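Report on the following structure.
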Amino acid sequence: MKKLTILAVAFTAIIFAACGGKKSANNAAEADSLKSFEQQQIEASIKMHIDSIASEIGKLKQPAFVREDANGTISLTKEEKQVKPNYLISPSVAEEATTLAEKYRILSALSVDKKIASLYEMPTEDYDKTITKLVADINDPSFKAIENAQTIFETTQTLYDEMEKNGRINYFWQLASAALVEELYIANQNADKFLSTFDDEAASNVTFRIILVLDAINRLAEYDPEIKPIADAVAPLEVLNATTVDEFKKQLAEAKDNIAAARSALVK
């Protein structure tokens, strides 16, 4: 893209030297028009690719430990439920969110954590109140397309389409990135339990989701300054490319520090 811009400027300079200043305005306008057309073509191509990525993400199943049927899939013993997780994000973190992007990310991460709190039969009233307040603060009409705003982290095709319609499409990837990192972080805290229902397809689904999200945010980073630090924070997760459960468990453990660092960067 930058190469195209440089060529356009060089072309304008050459014409100016050959014909003098009389025609320079017209030539500059033509060069700008050419550059604008090329830019539009490039951006249209990127959008088409990102639309395709969102479609693929919408087809992937969420990990069992955050799905609606998680309580029936992953069962915790009475003893396990007594040891409450101390790694969940406190709903009070939302009070420190100042930008819209931060609010989207915290909303997504807290929605994931609420699922885990429910698994352990922990009180979820504070999560409910904070999520409701964040939804109101964000004021995204796209959320009306979701039956339950508490599941915003699922980043479905329906949500993507609505956010595109409402000019909020880049925030979709803020939601997707935060949810992905939070799920990976949680999986690492109790891999034996949370990955107990995984088969090779489930492992592949998670790592394919990582590839898709990284692809999307890296392409958007050139246009959206709020996405760039997210792309940088999540980049180390590209090492997660497992196709089997055993590979996934091993890679997840090896990437533990990178996942924790990405989480800190996304949800401060």
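We name chains A, B, ... following the order of the structure tokens; residues begin at 1 in each chain, and ligands are numbered from 1 as shown.
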Quick one: residues within 8 Å of Ile89 in chain A, only C-alpha atoms counted, chain neighbours fewer than 4 positions away excluded, as number ranges by chain?
A: 93, 109-110, 113
Write out as JSON lines a residue-level contact list of range 144-187 of chain A versus range 194-217 of chain A with cut-off 10 Å: for each qualifying residue the closest pair of atoms and the distance in Å to one decimal, counting only C-alpha atoms, rows sorted by chain and residue number upward.
```
{"residue": "A:Asn170", "atom": "CA", "partner": "A:Ile217", "partner_atom": "CA", "distance": 8.6}
{"residue": "A:Trp173", "atom": "CA", "partner": "A:Ile217", "partner_atom": "CA", "distance": 6.8}
{"residue": "A:Gln174", "atom": "CA", "partner": "A:Ile217", "partner_atom": "CA", "distance": 8.6}
{"residue": "A:Ala176", "atom": "CA", "partner": "A:Val213", "partner_atom": "CA", "distance": 7.2}
{"residue": "A:Ser177", "atom": "CA", "partner": "A:Val213", "partner_atom": "CA", "distance": 6.7}
{"residue": "A:Leu180", "atom": "CA", "partner": "A:Ile210", "partner_atom": "CA", "distance": 7.4}
{"residue": "A:Val181", "atom": "CA", "partner": "A:Ile210", "partner_atom": "CA", "distance": 9.0}
{"residue": "A:Glu183", "atom": "CA", "partner": "A:Val206", "partner_atom": "CA", "distance": 9.5}
{"residue": "A:Leu184", "atom": "CA", "partner": "A:Val206", "partner_atom": "CA", "distance": 8.8}
{"residue": "A:Ile186", "atom": "CA", "partner": "A:Phe194", "partner_atom": "CA", "distance": 8.2}
{"residue": "A:Ala187", "atom": "CA", "partner": "A:Phe194", "partner_atom": "CA", "distance": 5.8}
```
Grab the residues selected above and save them as a PDB file, in the first residue's frame with N, CA and C atoms.
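This went into part_30.pdb:
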```
ATOM      1  N   ASN A 170     -14.886  -2.837  13.800  1.00  0.00           N
ATOM      2  CA  ASN A 170     -13.566  -3.053  14.404  1.00  0.00           C
ATOM      3  C   ASN A 170     -13.672  -3.481  15.859  1.00  0.00           C
ATOM      4  N   TRP A 173     -13.695  -7.239  16.704  1.00  0.00           N
ATOM      5  CA  TRP A 173     -12.423  -7.934  16.886  1.00  0.00           C
ATOM      6  C   TRP A 173     -11.817  -7.653  18.253  1.00  0.00           C
ATOM      7  N   GLN A 174     -12.202  -6.561  18.863  1.00  0.00           N
ATOM      8  CA  GLN A 174     -11.828  -6.313  20.263  1.00  0.00           C
ATOM      9  C   GLN A 174     -12.512  -7.360  21.148  1.00  0.00           C
ATOM     10  N   ALA A 176     -13.693 -10.329  20.163  1.00  0.00           N
ATOM     11  CA  ALA A 176     -13.183 -11.666  19.825  1.00  0.00           C
ATOM     12  C   ALA A 176     -11.810 -11.920  20.439  1.00  0.00           C
ATOM     13  N   SER A 177     -10.935 -10.915  20.404  1.00  0.00           N
ATOM     14  CA  SER A 177      -9.584 -11.078  20.951  1.00  0.00           C
ATOM     15  C   SER A 177      -9.623 -11.293  22.455  1.00  0.00           C
ATOM     16  N   LEU A 180     -11.086 -14.765  23.351  1.00  0.00           N
ATOM     17  CA  LEU A 180     -10.132 -15.828  23.023  1.00  0.00           C
ATOM     18  C   LEU A 180      -9.031 -15.920  24.068  1.00  0.00           C
ATOM     19  N   VAL A 181      -8.426 -14.788  24.400  1.00  0.00           N
ATOM     20  CA  VAL A 181      -7.329 -14.788  25.373  1.00  0.00           C
ATOM     21  C   VAL A 181      -7.820 -15.225  26.747  1.00  0.00           C
ATOM     22  N   GLU A 183     -10.345 -17.219  27.455  1.00  0.00           N
ATOM     23  CA  GLU A 183     -10.603 -18.661  27.419  1.00  0.00           C
ATOM     24  C   GLU A 183      -9.310 -19.461  27.504  1.00  0.00           C
ATOM     25  N   LEU A 184      -8.284 -19.007  26.796  1.00  0.00           N
ATOM     26  CA  LEU A 184      -6.990 -19.694  26.846  1.00  0.00           C
ATOM     27  C   LEU A 184      -6.380 -19.599  28.247  1.00  0.00           C
ATOM     28  N   ILE A 186      -7.955 -19.224  31.115  1.00  0.00           N
ATOM     29  CA  ILE A 186      -8.728 -20.071  32.034  1.00  0.00           C
ATOM     30  C   ILE A 186      -8.410 -21.541  31.808  1.00  0.00           C
ATOM     31  N   ALA A 187      -8.301 -21.941  30.551  1.00  0.00           N
ATOM     32  CA  ALA A 187      -7.990 -23.343  30.249  1.00  0.00           C
ATOM     33  C   ALA A 187      -6.678 -23.765  30.890  1.00  0.00           C
TER      34      ALA A 187
END
```
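Using only C-alpha atoms, the nearest neighbour of Val239 in chain A within the list A:Ile227, A:Tyr120, A:Lys268, A:Leu252 is A:Leu252.
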Which neighbours of Lys256 in chain A fall inside 9 Å, counting only C-alpha atoms, when residues of the same chain fewer than 3 positions from it are skipped, and could you give them as a VMD selection string?
chain A and resid 184 to 185 188 251 to 253 259 to 261
Restricted to N, CA, C and O atoms, what would the selected residues look like written as a compact mmCIF listing (two decimals), in the first residue's frame?
```txt
# COMPACT_ATOMS: atom_id res chain seq x y z
N LEU A 184 -8.28 -19.01 26.80
CA LEU A 184 -6.99 -19.69 26.85
C LEU A 184 -6.38 -19.60 28.25
O LEU A 184 -5.81 -20.57 28.76
N TYR A 185 -6.50 -18.42 28.85
CA TYR A 185 -5.96 -18.22 30.19
C TYR A 185 -6.64 -19.15 31.18
O TYR A 185 -5.99 -19.80 32.01
N ASN A 188 -5.73 -22.84 30.96
CA ASN A 188 -4.42 -23.14 31.54
C ASN A 188 -4.47 -23.28 33.06
O ASN A 188 -3.58 -23.88 33.66
N GLN A 251 1.30 -27.26 24.08
CA GLN A 251 1.54 -25.90 23.60
C GLN A 251 0.93 -24.85 24.53
O GLN A 251 1.51 -23.79 24.76
N LEU A 252 -0.22 -25.18 25.09
CA LEU A 252 -0.90 -24.27 26.01
C LEU A 252 -0.04 -24.03 27.24
O LEU A 252 0.12 -22.89 27.70
N ALA A 253 0.52 -25.10 27.77
CA ALA A 253 1.38 -24.98 28.96
C ALA A 253 2.64 -24.18 28.64
O ALA A 253 3.08 -23.34 29.44
N ILE A 259 0.32 -16.02 27.27
CA ILE A 259 -1.13 -15.86 27.40
C ILE A 259 -1.44 -14.89 28.54
O ILE A 259 -2.31 -14.02 28.42
N ALA A 260 -0.73 -15.04 29.65
CA ALA A 260 -0.94 -14.15 30.80
C ALA A 260 -0.59 -12.72 30.43
O ALA A 260 -1.29 -11.77 30.83
N ALA A 261 0.49 -12.53 29.65
CA ALA A 261 0.89 -11.19 29.24
C ALA A 261 -0.14 -10.57 28.30
O ALA A 261 -0.46 -9.38 28.41
```
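Counting from CA of Tyr160 in chain A, the distance to CA of Glu56 in chain A is 11.5 Å.
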Give me, as a PyMOL selection string, all polymer residues having an atom no more than 9 Å from Leu76 in chain A, counting only C-alpha atoms and skipping those fewer than 4 positions away in the same chain.
chain A and resi 71+80-81+119-120+193
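Shell of Ser92 in chain A at 10 Å, with only C-alpha atoms counted and residues fewer than 4 places along the chain excluded, is Glu96, Ala97, Asp126, Tyr127 and Thr130 of chain A.
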Considering only C-alpha atoms, return as a count of residues only whatever protein or nucleic-acid residues lie within 10 Å of Glu102 in chain A, sequence-local ones (same chain, fewer than 6 positions apart) excluded.
11
Taking the chain letters and numbering used in this document, name the residues of range 191-232 of chain A that DSSP puts in alpha helix (DSSP H), as a PyMOL selection string.
chain A and resi 191-194+200-220+228-232
Include C-alpha atoms and write out the residues we just selected as a PDB file, in the first residue's frame.
```
ATOM      1  CA  ALA A 191      -6.330 -27.947  32.035  1.00  0.00           C
ATOM      2  CA  ASP A 192      -7.122 -31.428  33.369  1.00  0.00           C
ATOM      3  CA  LYS A 193     -10.694 -30.397  34.089  1.00  0.00           C
ATOM      4  CA  PHE A 194     -11.458 -27.812  31.433  1.00  0.00           C
ATOM      5  CA  ASP A 200      -8.848 -33.449  18.396  1.00  0.00           C
ATOM      6  CA  GLU A 201     -11.532 -31.496  16.543  1.00  0.00           C
ATOM      7  CA  ALA A 202     -12.148 -29.252  19.553  1.00  0.00           C
ATOM      8  CA  ALA A 203      -8.423 -28.603  19.903  1.00  0.00           C
ATOM      9  CA  SER A 204      -8.170 -27.749  16.210  1.00  0.00           C
ATOM     10  CA  ASN A 205     -11.167 -25.432  16.508  1.00  0.00           C
ATOM     11  CA  VAL A 206      -9.481 -23.381  19.223  1.00  0.00           C
ATOM     12  CA  THR A 207      -6.161 -23.058  17.434  1.00  0.00           C
ATOM     13  CA  PHE A 208      -7.904 -22.275  14.137  1.00  0.00           C
ATOM     14  CA  ARG A 209      -9.796 -19.507  15.933  1.00  0.00           C
ATOM     15  CA  ILE A 210      -6.425 -18.090  17.045  1.00  0.00           C
ATOM     16  CA  ILE A 211      -5.161 -18.078  13.454  1.00  0.00           C
ATOM     17  CA  LEU A 212      -8.318 -16.356  12.213  1.00  0.00           C
ATOM     18  CA  VAL A 213      -8.361 -13.670  14.909  1.00  0.00           C
ATOM     19  CA  LEU A 214      -4.662 -12.939  14.407  1.00  0.00           C
ATOM     20  CA  ASP A 215      -5.162 -12.654  10.660  1.00  0.00           C
ATOM     21  CA  ALA A 216      -8.051 -10.199  11.066  1.00  0.00           C
ATOM     22  CA  ILE A 217      -6.500  -7.913  13.646  1.00  0.00           C
ATOM     23  CA  ASN A 218      -3.148  -7.814  11.844  1.00  0.00           C
ATOM     24  CA  ARG A 219      -4.889  -6.630   8.680  1.00  0.00           C
ATOM     25  CA  LEU A 220      -6.911  -4.050  10.579  1.00  0.00           C
ATOM     26  CA  LYS A 228      -2.437  -2.214  16.765  1.00  0.00           C
ATOM     27  CA  PRO A 229      -1.506  -2.800  20.456  1.00  0.00           C
ATOM     28  CA  ILE A 230      -4.002  -5.673  20.553  1.00  0.00           C
ATOM     29  CA  ALA A 231      -2.373  -7.244  17.520  1.00  0.00           C
ATOM     30  CA  ASP A 232       1.044  -6.873  19.164  1.00  0.00           C
TER      31      ASP A 232
END
```
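If you look at CA of Ser142 in chain A and CA of Met163 in chain A, they are 5.3 Å away from each other.
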What's the 12 Å shell around Glu147 in chain A, counting only C-alpha atoms, without same-chain residues fewer than 5 positions away, as a ChimeraX atom specification?
/A:142,152,154,156,158-159
